[in-house]
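S.K.: Could you have a look at this structure, given as structure tokens, before my questions?
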4 protein chains.
Amino acid sequence: MKWKTKITKVEPNHLVTKGYRQEDLIGNVPFAHVVYLLLKDELPSEEHGLMMDAILTACVDHGVTPPTAMASRIVASGGVPLPTAVAAGVLSIGDAHGGAIEKGAKFLQDAVSQMKKENKKIEDIAKFLVKDSSEQKKRILGFGHRIHTSDPRTKKLFALADKLKISKEHIALSKAIEKELEKQTGKKLPINVDGAIAAITSDMGFDWRLGKAFFLIGRVAGLTAHVYEEQTGFKPMREMFTADVEYEGPCEKDLS
Amino acid sequence: MKWKTKITKVEPNHLVTKGYRQEDLIGNVPFAHVVYLLLKDELPSEEHGLMMDAILTACVDHGVTPPTAMASRIVASGGVPLPTAVAAGVLSIGDAHGGAIEKGAKFLQDAVSQMKKENKKIEDIAKFLVKDSSEQKKRILGFGHRIHTSDPRTKKLFALADKLKISKEHIALSKAIEKELEKQTGKKLPINVDGAIAAITSDMGFDWRLGKAFFLIGRVAGLTAHVYEEQTGFKPMREMFTADVEYEGPCEKDLS
Amino acid sequence: MKWKTKITKVEPNHLVTKGYRQEDLIGNVPFAHVVYLLLKDELPSEEHGLMMDAILTACVDHGVTPPTAMASRIVASGGVPLPTAVAAGVLSIGDAHGGAIEKGAKFLQDAVSQMKKENKKIEDIAKFLVKDSSEQKKRILGFGHRIHTSDPRTKKLFALADKLKISKEHIALSKAIEKELEKQTGKKLPINVDGAIAAITSDMGFDWRLGKAFFLIGRVAGLTAHVYEEQTGFKPMREMFTADVEYEGPCEKDLS
Amino acid sequence: MKWKTKITKVEPNHLVTKGYRQEDLIGNVPFAHVVYLLLKDELPSEEHGLMMDAILTACVDHGVTPPTAMASRIVASGGVPLPTAVAAGVLSIGDAHGGAIEKGAKFLQDAVSQMKKENKKIEDIAKFLVKDSSEQKKRILGFGHRIHTSDPRTKKLFALADKLKISKEHIALSKAIEKELEKQTGKKLPINVDGAIAAITSDMGFDWRLGKAFFLIGRVAGLTAHVYEEQTGFKPMREMFTADVEYEGPCEKDLS
């Protein structure tokens with residue numbers, strides 16, 4: 001029983017990752033490019049490399065409001081090692097937190113591939129998708145944000161994708177959906193940072209199943225900072241977050 | 001009850017991390033520099049930024065042999081989301097895996113601070129430390145590797161630290177200990193990659209309590225690649241790792 | 001913003017869980033019954049309580065072969081606290097490991113509810129389900145085991161369900177499927193322990209979404225024993241599991 | 001390279017755990033006794049079995065206030081599988097949360113062993129320990145609670161330990177320390193539930209290194225209930241906990 005990996009060859013004094021000797025990568029290839037290499041099996045062009053770097057930075061932190069940071073800080077306050085607390089934050093990355101990148105990318109990739117097969121226009125596809133999702137009472141993921149109406153990260157990422165000539169059909173479709181959403185619903189539901197990363201990484205040719213990976217790799221840097229701040233600046237078990245909770249379970253009674 | 005954070009200010013359409021607007025960082029400041037910013041409260045010089053980038057890349061992957069990768073792949077094979085499996089690998093980063101960076105850095109930082117106070121020479125300190133640890137039957141952490149006798153990552157990192165003029169007392173002490181270990185024990189116990197990162201980050205002025213953080217942030221990229229490879233290329237619950245285990249518990253008996 | 005919980009009321013010197021004062025539960029109600037109370041909002045009958053107890057024990061351990069135990073032991077060997085290592089094993093409980101309880105229970109509950117609506121016989125439903133799954137090339141979950149042909153846990157659990165008069169339609173359907181599988185495929189695919197727990201908890205009236213919960217709560221006891229054995233009996237970072245892995249990634253090349 | 005385990009022998013159709021066939025344990029031996037067997041290598045007496053059962057129940061839940069429950073619920077709200085969210089809660093069990101059982105048990109076991117060696121009286125040892133800890137400004141762990149002044153779980157556990165004739169030196173020392181704390185400091189610092197479990201499991205002969213295990217195994221039941229309630233009763237990513245946080249990091253500035 002033998003199995004194969006395409007990631008790293010390990011021999012004494014010799015480490016080759018995705019075809020490159022680690023000593024060649026170290027200090028010569030920026031870390032974000034190495035991430036790209038690991039997830040896409042080749043080094044990026046300068047444009048793709050810079051875009052990947054920008055995406056990772058766009059994910060680093062959003063204060064203590066998201067589940068990632070809250071989970072990491074709470075677990076840190078239990079008095080555990082730094083990696084244990086960082087991992088707790090990573091665990092909260094799921095269908096509802098970061099998941100819009102994965103599902104959004106799948107949605108866009110399916111639609112674009114359909115569009116090409118049926119030789120349709122982006123605007124028509126967008127109109128259909130918004131109508132269809134509203135009829136089926138499904139949300140299209142990657143639009144709207146509980147805090148930002150014009151997310152500075154989204155704007156910067158899209159501007160960069162344009163400048164680096166990375167923008168193609170997936171981004172175009174994403175922007176067409178944004179317009180249609182406003183037209184059909186009357187509400188502004190701007191593309192959020194998850195939606196932007198879904199569209200951009202799709203135009204970069206990434207598998208949608210890696211959607212949560214970009215967010216995770218970037219966010220781990222911020223989580224590390226949160227855990228370090230908690231461990232060095234606060235007492236364990238401090239009251240950090242509060243909840244206004246009421247018990248409405250079965251009435252108090254005696255054991256029969 | 002109010003608490004304070006130095007990491008990120010979150011306001012509608014406005015995100016400021018360690019003093020910089022996120023839209024300014026994205027695409028302008030390399031991700032490794034942003035990591036530095038998050039952990040050290042200031043942007044690095046070009047030299048420090050490049051060194052941090054090199055350190056992260058030096059940590060990305062070591063094949064499927066270390067606990068990090070084994071844990072991530074095994075957990076992935078249970079049929080769980082990518083972040084859950086990546087987090088499992090992060091959990092294995094402990095005192096024995098990556099921990100030599102933390103403990104090694106503390107050891108070097110304590111020794112250098114003692115050395116300065118007592119106005120001693122590096123060579124004398126190294127001689128004393130090696131003798132003392134051998135008398136107390138304690139290992140000095142960060143020396144020796146189960147696979148590599150001349151780790152290509154270590155060599156490259158030290159060469160870079162020299163070239164970038166980052167090398168100072170901590171690296172010097174680390175190298176002096178390496179020599180003393182050979183002299184006093186007769187065995188070659190070369191500085192390993194954990195030991196190198198401990199010495200270099202100490203010379204860069206990082207808190208030893210961040211020792212595991214550098215390893216973690218770099219390694220997460222490799223773990224993501226392992227989980228993705230497992231999820232897209234293999235069947236769940238495959239027999240991946242084998243163990244030659246024998247039961248030597250209490251003899252089989254009837255319930256009395 | 002207020003939210004409600006049905007689990008525990010916390011007041012100074014007063015803890016009420018699902019309607020019962022904790023001091024009344026402690027020492028008076030067996031732990032397995034408390035688990036039942038937590039998951040089903042009422043204390044069990046003696047029969048249901050004993051069945052729940054048996055199910056938890058049936059899940060405690062299967063040696064070091066399953067992902068749960070392997071993950072916990074590997075993570076323990078990194079030198080981390082006991083709970084961190086136990087949690088790593090829990091993370092591997094997924095669609096492919098323990099997941100057959102959840103999916104199997106949903107499958108049985110859907111089928112039984114359909115059966116009642118259409119007033120059909122169990123044997124006919126079983127025949128249809130096996131034929132349908134074979135035509136759609138889908139596996140029915142909860143049948144067959146990589147090691148056991150006649151799993152001692154399954155036999156004991158079903159015998160107990162009969163004795164305690166818990167066996168109803170879901171168990172009957174499960175056994176009818178087992179027979180049909182052999183008839184239609186010619187192969188023996190006996191109900192495994194996951195399938196047995198799926199059927200029994202369905203007959204006990206549990207929500208299929210709790211499928212992984214029974215396994216998890218029982219298994220945590222075994223994982224704790226594994227981590228304790230690893231931490232007290234072995235060296236950190238020992239070579240515990242081996243893999244026969246070959247690198248088949250891109251050929252080694254120079255950076256261009 | 002072969003290694004040995006004392007936990008479970010796995011053979012086709014044959015599972016032996018700590019000497020007992022699993023089909024014999026299932027339904028015949030209460031789950032809490034099986035936990036005892038796993039952690040202590042023998043089945044308990046009726047008294048020890050009941051005490052273990054009581055301890056597990058005493059740990060099940062404390063509402064949403066402790067890190068365990070907060071972490072599990074927050075991670076659940078990210079949209080992840082039940083075991084992932086339960087594991088996140090387990091991760092928060094650390095030196096400051098549940099850790100008093102481990103450290104408290106070590107403290108008591110060391111003191112009792114010292115006491116026997118030096119043939120001293122419990123009252124004298126207690127007096128010395130309280131004085132010493134106050135001089136060294138160290139807290140004795142297991143005393144005082146942020147909510148309860150007379151914890152109903154503690155009272156019940158101690159009453160049960162008396163009734164079952166389990167109470168010996170460790171419990172006696174624990175109560176003597178409680179008295180001395182009040183005498184020397186003037187403040188009431190009653191033994192909390194962690195302290196009670198530390199003392200009782202010490203009198204039962206358990207290794208202090210298992211301190212967090214009892215808490216973990218019991219608490220997992222409550223965490224499962226929390227995650228199930230969150231997943232079935234609430235929307236993902238709801239605002240669950242709030243924090244009053246202020247940014248006091250570096251002032252906002254332009255990139256230079």
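Ligands are numbered from 1 in the order shown, chains are lettered A, B, ... in the order of the structure tokens, and residues start at 1 in each chain.
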Leaving out region 206-222 of chain D and any residue of its chain fewer than 5 positions from it, which residues lie within 6 Å of it when counting only C-alpha atoms, given as a list in words?

M.R.: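 Near neighbours after the sequence-gap exclusion: Val35 of chain C; Leu56, Cys59, Val60, Asp61, Gly98, Ile101, Glu102, Ala105, Lys106 and Thr201 of chain D.
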
S.K.: Please provide the set of residues having any atom within 12 Å of His226 (chain D), restricted to only C-alpha atoms, with same-chain residues fewer than 3 positions apart removed, written as a short mmCIF file (atom, residue, chain, number, x, y, z; two decimals) with all heavy atoms, in the first residue's frame.

M.R.:
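See out32.cif below for the written result:
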data_model
loop_
_atom_site.label_atom_id
_atom_site.label_comp_id
_atom_site.auth_asym_id
_atom_site.auth_seq_id
_atom_site.Cartn_x
_atom_site.Cartn_y
_atom_site.Cartn_z
N LYS C 4 -32.49 33.18 24.02
CA LYS C 4 -33.02 32.23 24.98
C LYS C 4 -32.36 30.87 24.84
O LYS C 4 -31.98 30.45 23.76
CB LYS C 4 -34.52 32.10 24.75
CG LYS C 4 -35.20 33.44 25.02
CD LYS C 4 -36.67 33.45 24.81
CE LYS C 4 -37.20 34.85 25.17
NZ LYS C 4 -38.64 34.94 25.10
N THR C 5 -32.22 30.22 25.98
CA THR C 5 -31.65 28.87 25.98
C THR C 5 -32.55 27.97 26.81
O THR C 5 -33.15 28.41 27.79
CB THR C 5 -30.23 28.86 26.56
OG1 THR C 5 -29.75 27.50 26.54
CG2 THR C 5 -30.19 29.34 28.00
N LYS C 6 -32.62 26.72 26.39
CA LYS C 6 -33.40 25.75 27.16
C LYS C 6 -32.49 24.85 27.97
O LYS C 6 -32.95 23.84 28.51
CB LYS C 6 -34.24 24.90 26.20
CG LYS C 6 -35.37 25.68 25.57
CD LYS C 6 -36.28 24.78 24.77
CE LYS C 6 -37.47 25.58 24.26
NZ LYS C 6 -37.84 25.22 22.89
N ILE C 7 -31.22 25.16 28.06
CA ILE C 7 -30.30 24.21 28.67
C ILE C 7 -30.15 24.42 30.18
O ILE C 7 -30.57 23.60 30.97
CB ILE C 7 -28.94 24.22 27.94
CG1 ILE C 7 -29.17 23.94 26.43
CG2 ILE C 7 -28.01 23.16 28.52
CD1 ILE C 7 -27.96 24.03 25.56
N THR C 8 -29.55 25.52 30.57
CA THR C 8 -29.27 25.69 32.00
C THR C 8 -29.57 27.11 32.48
O THR C 8 -29.22 28.09 31.82
CB THR C 8 -27.79 25.36 32.32
OG1 THR C 8 -27.55 23.99 31.99
CG2 THR C 8 -27.47 25.55 33.80
N THR C 17 -30.77 22.52 35.19
CA THR C 17 -30.54 22.04 33.83
C THR C 17 -31.74 21.26 33.33
O THR C 17 -32.13 20.27 33.94
CB THR C 17 -29.25 21.16 33.82
OG1 THR C 17 -28.13 22.03 34.07
CG2 THR C 17 -29.06 20.49 32.47
N LEU C 38 -30.20 16.03 28.31
CA LEU C 38 -29.65 17.18 27.61
C LEU C 38 -30.04 17.19 26.13
O LEU C 38 -30.22 18.23 25.53
CB LEU C 38 -28.12 17.20 27.74
CG LEU C 38 -27.58 17.73 29.06
CD1 LEU C 38 -26.14 17.31 29.27
CD2 LEU C 38 -27.70 19.26 29.10
N LEU C 39 -30.15 16.00 25.55
CA LEU C 39 -30.40 15.93 24.11
C LEU C 39 -31.87 15.75 23.77
O LEU C 39 -32.27 15.88 22.63
CB LEU C 39 -29.58 14.78 23.49
CG LEU C 39 -28.07 14.86 23.71
CD1 LEU C 39 -27.38 13.72 22.98
CD2 LEU C 39 -27.52 16.20 23.22
N LEU C 210 -28.61 14.61 15.50
CA LEU C 210 -27.78 14.27 16.67
C LEU C 210 -26.94 13.02 16.43
O LEU C 210 -26.26 12.53 17.34
CB LEU C 210 -28.67 14.08 17.91
CG LEU C 210 -29.18 15.37 18.53
CD1 LEU C 210 -30.28 15.09 19.53
CD2 LEU C 210 -28.02 16.12 19.21
N ALA C 213 -23.52 12.93 17.61
CA ALA C 213 -23.38 13.30 19.02
C ALA C 213 -23.17 12.08 19.92
O ALA C 213 -22.34 12.09 20.82
CB ALA C 213 -24.59 14.09 19.49
N VAL D 60 -21.39 18.74 33.66
CA VAL D 60 -22.04 18.85 32.35
C VAL D 60 -22.23 20.26 31.81
O VAL D 60 -22.01 20.52 30.64
CB VAL D 60 -23.41 18.12 32.25
CG1 VAL D 60 -23.23 16.62 32.16
CG2 VAL D 60 -24.35 18.52 33.35
N ASP D 61 -22.68 21.18 32.66
CA ASP D 61 -22.99 22.48 32.07
C ASP D 61 -23.07 23.58 33.10
O ASP D 61 -23.43 23.35 34.26
CB ASP D 61 -24.34 22.42 31.32
CG ASP D 61 -24.51 23.61 30.40
OD1 ASP D 61 -23.58 23.89 29.63
OD2 ASP D 61 -25.56 24.27 30.45
N HIS D 62 -22.71 24.77 32.68
CA HIS D 62 -22.84 25.96 33.52
C HIS D 62 -23.37 27.11 32.67
O HIS D 62 -22.92 28.25 32.75
CB HIS D 62 -21.50 26.31 34.16
CG HIS D 62 -21.60 27.24 35.33
ND1 HIS D 62 -21.58 28.60 35.19
CD2 HIS D 62 -21.76 27.02 36.66
CE1 HIS D 62 -21.70 29.18 36.38
NE2 HIS D 62 -21.80 28.24 37.28
N GLY D 63 -24.34 26.78 31.81
CA GLY D 63 -24.92 27.82 30.96
C GLY D 63 -23.95 28.33 29.92
O GLY D 63 -22.96 27.66 29.60
N VAL D 64 -24.20 29.53 29.39
CA VAL D 64 -23.34 30.04 28.33
C VAL D 64 -22.24 30.94 28.85
O VAL D 64 -21.56 31.60 28.09
CB VAL D 64 -24.15 30.81 27.26
CG1 VAL D 64 -25.06 29.86 26.53
CG2 VAL D 64 -24.93 31.94 27.87
N THR D 65 -22.04 30.98 30.16
CA THR D 65 -21.03 31.90 30.69
C THR D 65 -19.58 31.40 30.54
O THR D 65 -18.69 32.21 30.33
CB THR D 65 -21.30 32.22 32.17
OG1 THR D 65 -21.30 30.98 32.90
CG2 THR D 65 -22.65 32.89 32.35
N THR D 68 -15.90 27.34 27.54
CA THR D 68 -16.29 26.14 26.81
C THR D 68 -17.56 26.38 26.00
O THR D 68 -17.58 26.18 24.78
CB THR D 68 -16.55 24.96 27.78
OG1 THR D 68 -17.00 25.46 29.04
CG2 THR D 68 -15.30 24.14 28.02
N ALA D 69 -18.63 26.81 26.67
CA ALA D 69 -19.90 26.99 25.98
C ALA D 69 -19.86 28.15 25.00
O ALA D 69 -20.39 28.07 23.89
CB ALA D 69 -21.02 27.21 27.00
N MET D 70 -19.20 29.26 25.38
CA MET D 70 -19.12 30.40 24.47
C MET D 70 -18.38 30.01 23.19
O MET D 70 -18.82 30.34 22.09
CB MET D 70 -18.40 31.57 25.15
CG MET D 70 -19.21 32.22 26.27
SD MET D 70 -18.30 33.61 27.03
CE MET D 70 -18.99 34.99 26.12
N ALA D 71 -17.26 29.32 23.34
CA ALA D 71 -16.48 28.94 22.15
C ALA D 71 -17.28 28.00 21.26
O ALA D 71 -17.30 28.16 20.04
CB ALA D 71 -15.16 28.30 22.58
N SER D 72 -17.95 27.01 21.85
CA SER D 72 -18.73 26.07 21.04
C SER D 72 -19.86 26.77 20.29
O SER D 72 -20.09 26.50 19.12
CB SER D 72 -19.30 24.95 21.92
OG SER D 72 -18.34 23.95 22.13
N ARG D 73 -20.54 27.67 20.96
CA ARG D 73 -21.67 28.33 20.30
C ARG D 73 -21.19 29.29 19.21
O ARG D 73 -21.78 29.37 18.13
CB ARG D 73 -22.53 29.07 21.33
CG ARG D 73 -23.26 28.07 22.24
CD ARG D 73 -24.45 28.67 22.95
NE ARG D 73 -25.60 28.72 22.08
CZ ARG D 73 -26.82 28.20 22.38
NH1 ARG D 73 -27.02 27.59 23.52
NH2 ARG D 73 -27.80 28.31 21.53
N ILE D 74 -20.12 30.02 19.48
CA ILE D 74 -19.60 30.94 18.46
C ILE D 74 -19.13 30.17 17.23
O ILE D 74 -19.41 30.54 16.10
CB ILE D 74 -18.42 31.77 19.05
CG1 ILE D 74 -18.98 32.87 19.91
CG2 ILE D 74 -17.56 32.34 17.95
CD1 ILE D 74 -17.91 33.65 20.64
N VAL D 75 -18.41 29.09 17.45
CA VAL D 75 -17.91 28.31 16.32
C VAL D 75 -19.08 27.68 15.57
O VAL D 75 -19.11 27.64 14.34
CB VAL D 75 -16.86 27.29 16.79
CG1 VAL D 75 -16.54 26.27 15.70
CG2 VAL D 75 -15.59 28.02 17.20
N ALA D 76 -20.08 27.20 16.30
CA ALA D 76 -21.27 26.65 15.64
C ALA D 76 -21.91 27.69 14.72
O ALA D 76 -22.36 27.36 13.63
CB ALA D 76 -22.29 26.19 16.69
N SER D 77 -21.90 28.94 15.15
CA SER D 77 -22.56 29.97 14.36
C SER D 77 -21.83 30.27 13.06
O SER D 77 -22.36 30.95 12.19
CB SER D 77 -22.73 31.25 15.18
OG SER D 77 -21.57 32.05 15.07
N LEU D 82 -21.38 19.66 13.81
CA LEU D 82 -21.49 19.58 15.27
C LEU D 82 -20.17 19.21 15.97
O LEU D 82 -19.77 19.89 16.92
CB LEU D 82 -22.61 18.61 15.65
CG LEU D 82 -22.93 18.38 17.12
CD1 LEU D 82 -24.45 18.29 17.34
CD2 LEU D 82 -22.28 17.11 17.64
N PRO D 83 -19.45 18.17 15.53
CA PRO D 83 -18.22 17.83 16.26
C PRO D 83 -17.16 18.93 16.22
O PRO D 83 -16.44 19.13 17.19
CB PRO D 83 -17.71 16.57 15.53
CG PRO D 83 -18.92 16.00 14.86
CD PRO D 83 -19.75 17.19 14.47
N ALA D 85 -17.68 22.12 16.27
CA ALA D 85 -18.07 23.15 17.25
C ALA D 85 -17.88 22.64 18.68
O ALA D 85 -17.44 23.38 19.56
CB ALA D 85 -19.51 23.59 17.02
N VAL D 86 -18.20 21.37 18.93
CA VAL D 86 -17.98 20.81 20.27
C VAL D 86 -16.48 20.83 20.59
O VAL D 86 -16.07 21.22 21.68
CB VAL D 86 -18.54 19.38 20.38
CG1 VAL D 86 -18.10 18.73 21.69
CG2 VAL D 86 -20.07 19.40 20.28
N GLY D 89 -15.06 24.07 21.94
CA GLY D 89 -15.26 24.27 23.36
C GLY D 89 -14.24 23.50 24.19
O GLY D 89 -13.69 24.02 25.17
N ARG D 219 -18.29 17.61 30.47
CA ARG D 219 -18.69 18.85 29.81
C ARG D 219 -19.08 18.65 28.34
O ARG D 219 -19.91 19.39 27.79
CB ARG D 219 -17.56 19.89 29.94
CG ARG D 219 -17.79 21.25 29.31
CD ARG D 219 -19.05 21.97 29.79
NE ARG D 219 -19.21 22.16 31.22
CZ ARG D 219 -18.90 23.27 31.89
NH1 ARG D 219 -18.39 24.30 31.25
NH2 ARG D 219 -19.10 23.37 33.19
N VAL D 220 -18.47 17.65 27.71
CA VAL D 220 -18.77 17.39 26.30
C VAL D 220 -20.28 17.16 26.09
O VAL D 220 -20.84 17.54 25.06
CB VAL D 220 -17.92 16.20 25.80
CG1 VAL D 220 -18.60 15.49 24.65
CG2 VAL D 220 -16.56 16.70 25.35
N ALA D 221 -20.94 16.58 27.06
CA ALA D 221 -22.39 16.38 26.95
C ALA D 221 -23.12 17.72 26.88
O ALA D 221 -24.00 17.93 26.03
CB ALA D 221 -22.90 15.55 28.13
N GLY D 222 -22.75 18.64 27.75
CA GLY D 222 -23.38 19.95 27.73
C GLY D 222 -23.06 20.73 26.46
O GLY D 222 -23.92 21.39 25.89
N LEU D 223 -21.80 20.64 26.02
CA LEU D 223 -21.41 21.35 24.80
C LEU D 223 -22.20 20.84 23.60
O LEU D 223 -22.60 21.62 22.72
CB LEU D 223 -19.91 21.19 24.55
CG LEU D 223 -19.00 21.84 25.59
CD1 LEU D 223 -17.53 21.58 25.26
CD2 LEU D 223 -19.27 23.34 25.68
N GLU D 229 -28.56 23.12 20.10
CA GLU D 229 -29.53 24.22 20.26
C GLU D 229 -29.22 25.37 19.31
O GLU D 229 -30.12 25.93 18.69
CB GLU D 229 -29.51 24.71 21.72
CG GLU D 229 -30.59 25.75 22.01
CD GLU D 229 -30.62 26.18 23.48
OE1 GLU D 229 -29.84 27.08 23.86
OE2 GLU D 229 -31.41 25.61 24.25
N GLU D 230 -27.92 25.67 19.16
CA GLU D 230 -27.53 26.76 18.27
C GLU D 230 -27.86 26.42 16.82
O GLU D 230 -28.38 27.25 16.07
CB GLU D 230 -26.02 27.03 18.42
CG GLU D 230 -25.49 28.22 17.65
CD GLU D 230 -26.02 29.56 18.17
OE1 GLU D 230 -26.28 29.66 19.38
OE2 GLU D 230 -26.18 30.49 17.36
N GLN D 231 -27.54 25.19 16.43
CA GLN D 231 -27.72 24.80 15.02
C GLN D 231 -29.18 24.66 14.63
O GLN D 231 -29.55 24.88 13.48
CB GLN D 231 -26.99 23.48 14.76
CG GLN D 231 -25.48 23.62 14.84
CD GLN D 231 -24.76 22.33 14.46
OE1 GLN D 231 -25.25 21.24 14.73
NE2 GLN D 231 -23.62 22.45 13.83
N THR D 232 -30.02 24.27 15.58
CA THR D 232 -31.41 24.04 15.23
C THR D 232 -32.31 25.22 15.57
O THR D 232 -33.42 25.31 15.07
CB THR D 232 -31.96 22.78 15.94
OG1 THR D 232 -31.79 22.93 17.35
CG2 THR D 232 -31.23 21.53 15.50
N GLY D 233 -31.83 26.15 16.39
CA GLY D 233 -32.73 27.21 16.84
C GLY D 233 -32.34 28.62 16.41
O GLY D 233 -33.11 29.55 16.62
N PHE D 234 -31.15 28.79 15.84
CA PHE D 234 -30.70 30.15 15.56
C PHE D 234 -30.09 30.26 14.15
O PHE D 234 -29.66 29.26 13.58
CB PHE D 234 -29.66 30.59 16.59
CG PHE D 234 -30.19 30.66 17.99
CD1 PHE D 234 -30.09 29.56 18.84
CD2 PHE D 234 -30.83 31.80 18.45
CE1 PHE D 234 -30.60 29.61 20.14
CE2 PHE D 234 -31.33 31.87 19.74
CZ PHE D 234 -31.22 30.77 20.59
#

S.K.: Leaving out Glu11 (chain B) and any residue of its chain fewer than 3 positions from it, which residues lie within 8 Å of it when counting only C-alpha atoms, given as an mmCIF file with N, CA, C and O atoms, in the first residue's frame?

M.R.:
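Below you can see selection-v8.cif, which holds the result:
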data_model
loop_
_atom_site.group_PDB
_atom_site.id
_atom_site.type_symbol
_atom_site.label_atom_id
_atom_site.label_comp_id
_atom_site.auth_asym_id
_atom_site.auth_seq_id
_atom_site.Cartn_x
_atom_site.Cartn_y
_atom_site.Cartn_z
ATOM 1 N N ILE A 147 -21.883 45.423 8.274
ATOM 2 C CA ILE A 147 -21.306 46.691 8.733
ATOM 3 C C ILE A 147 -21.019 47.660 7.574
ATOM 4 O O ILE A 147 -21.336 48.827 7.655
ATOM 5 N N HIS B 14 -14.472 51.469 6.946
ATOM 6 C CA HIS B 14 -13.194 52.000 7.421
ATOM 7 C C HIS B 14 -12.519 50.981 8.350
ATOM 8 O O HIS B 14 -13.012 50.730 9.445
ATOM 9 N N LEU B 15 -11.412 50.424 7.915
ATOM 10 C CA LEU B 15 -10.701 49.428 8.716
ATOM 11 C C LEU B 15 -9.254 49.846 8.875
ATOM 12 O O LEU B 15 -8.528 49.981 7.883
#

S.K.: Go through chain C and flag each residue having an atom no more than 7 Å from chain A; for those, report the closest pair of atoms plus their distance in Å to one decimal, using only C-alpha atoms, ordered by chain and rising number, as CSV.

M.R.:
residue,atom,partner,partner_atom,distance
C:Met1,CA,A:Asp244,CA,7.0
C:Lys2,CA,A:Asp244,CA,4.9
C:Trp3,CA,A:Val245,CA,4.9
C:Lys4,CA,A:Glu246,CA,4.7
C:Thr5,CA,A:Tyr247,CA,5.1
C:Lys6,CA,A:Gly249,CA,3.6
C:Ile7,CA,A:Gly249,CA,6.2
C:Thr8,CA,A:Tyr247,CA,6.6
C:Lys9,CA,A:Tyr247,CA,5.4
C:Val16,CA,A:Glu252,CA,6.8
C:Lys18,CA,A:Pro250,CA,5.5
C:Gly19,CA,A:Glu252,CA,4.3
C:Tyr20,CA,A:Glu252,CA,5.7
C:Asp24,CA,A:Leu255,CA,6.8
C:Thr84,CA,A:Thr84,CA,6.6
C:Asp244,CA,A:Lys2,CA,4.9
C:Val245,CA,A:Trp3,CA,4.9
C:Glu246,CA,A:Lys4,CA,4.7
C:Tyr247,CA,A:Thr5,CA,5.1
C:Glu248,CA,A:Lys6,CA,5.1
C:Gly249,CA,A:Lys6,CA,3.6
C:Pro250,CA,A:Gly19,CA,4.6
C:Cys251,CA,A:Gly19,CA,5.0
C:Glu252,CA,A:Gly19,CA,4.3
C:Lys253,CA,A:Tyr20,CA,5.8
C:Asp254,CA,A:Tyr20,CA,6.7
C:Leu255,CA,A:Asp24,CA,6.9

S.K.: Write the selection just made, keeping C-alpha atoms, as a PDB file, in the first residue's frame?

M.R.:
ATOM      1  CA  MET C   1     -30.977  41.921  21.758  1.00  0.00           C
ATOM      2  CA  LYS C   2     -31.808  39.000  24.003  1.00  0.00           C
ATOM      3  CA  TRP C   3     -31.661  35.312  23.353  1.00  0.00           C
ATOM      4  CA  LYS C   4     -33.021  32.227  24.978  1.00  0.00           C
ATOM      5  CA  THR C   5     -31.654  28.871  25.982  1.00  0.00           C
ATOM      6  CA  LYS C   6     -33.401  25.747  27.157  1.00  0.00           C
ATOM      7  CA  ILE C   7     -30.298  24.210  28.669  1.00  0.00           C
ATOM      8  CA  THR C   8     -29.267  25.694  32.002  1.00  0.00           C
ATOM      9  CA  LYS C   9     -30.426  28.482  34.298  1.00  0.00           C
ATOM     10  CA  VAL C  16     -31.113  24.210  36.900  1.00  0.00           C
ATOM     11  CA  LYS C  18     -33.508  21.127  31.634  1.00  0.00           C
ATOM     12  CA  GLY C  19     -35.781  21.670  34.632  1.00  0.00           C
ATOM     13  CA  TYR C  20     -33.787  19.770  37.246  1.00  0.00           C
ATOM     14  CA  ASP C  24     -30.655  16.603  42.420  1.00  0.00           C
ATOM     15  CA  THR C  84      -6.130  19.917  22.892  1.00  0.00           C
ATOM     16  CA  ASP C 244       4.713   4.550   2.320  1.00  0.00           C
ATOM     17  CA  VAL C 245       4.639   7.796   0.411  1.00  0.00           C
ATOM     18  CA  GLU C 246       6.159   8.719  -2.909  1.00  0.00           C
ATOM     19  CA  TYR C 247       6.643  12.216  -4.301  1.00  0.00           C
ATOM     20  CA  GLU C 248       5.139  12.546  -7.736  1.00  0.00           C
ATOM     21  CA  GLY C 249       4.903  16.315  -7.954  1.00  0.00           C
ATOM     22  CA  PRO C 250       6.617  18.494 -10.551  1.00  0.00           C
ATOM     23  CA  CYS C 251      10.237  17.546 -11.334  1.00  0.00           C
ATOM     24  CA  GLU C 252      12.972  19.337  -9.455  1.00  0.00           C
ATOM     25  CA  LYS C 253      14.051  22.447 -11.306  1.00  0.00           C
ATOM     26  CA  ASP C 254      15.888  25.740 -10.877  1.00  0.00           C
ATOM     27  CA  LEU C 255      14.097  28.999 -10.207  1.00  0.00           C
TER      28      LEU C 255
END
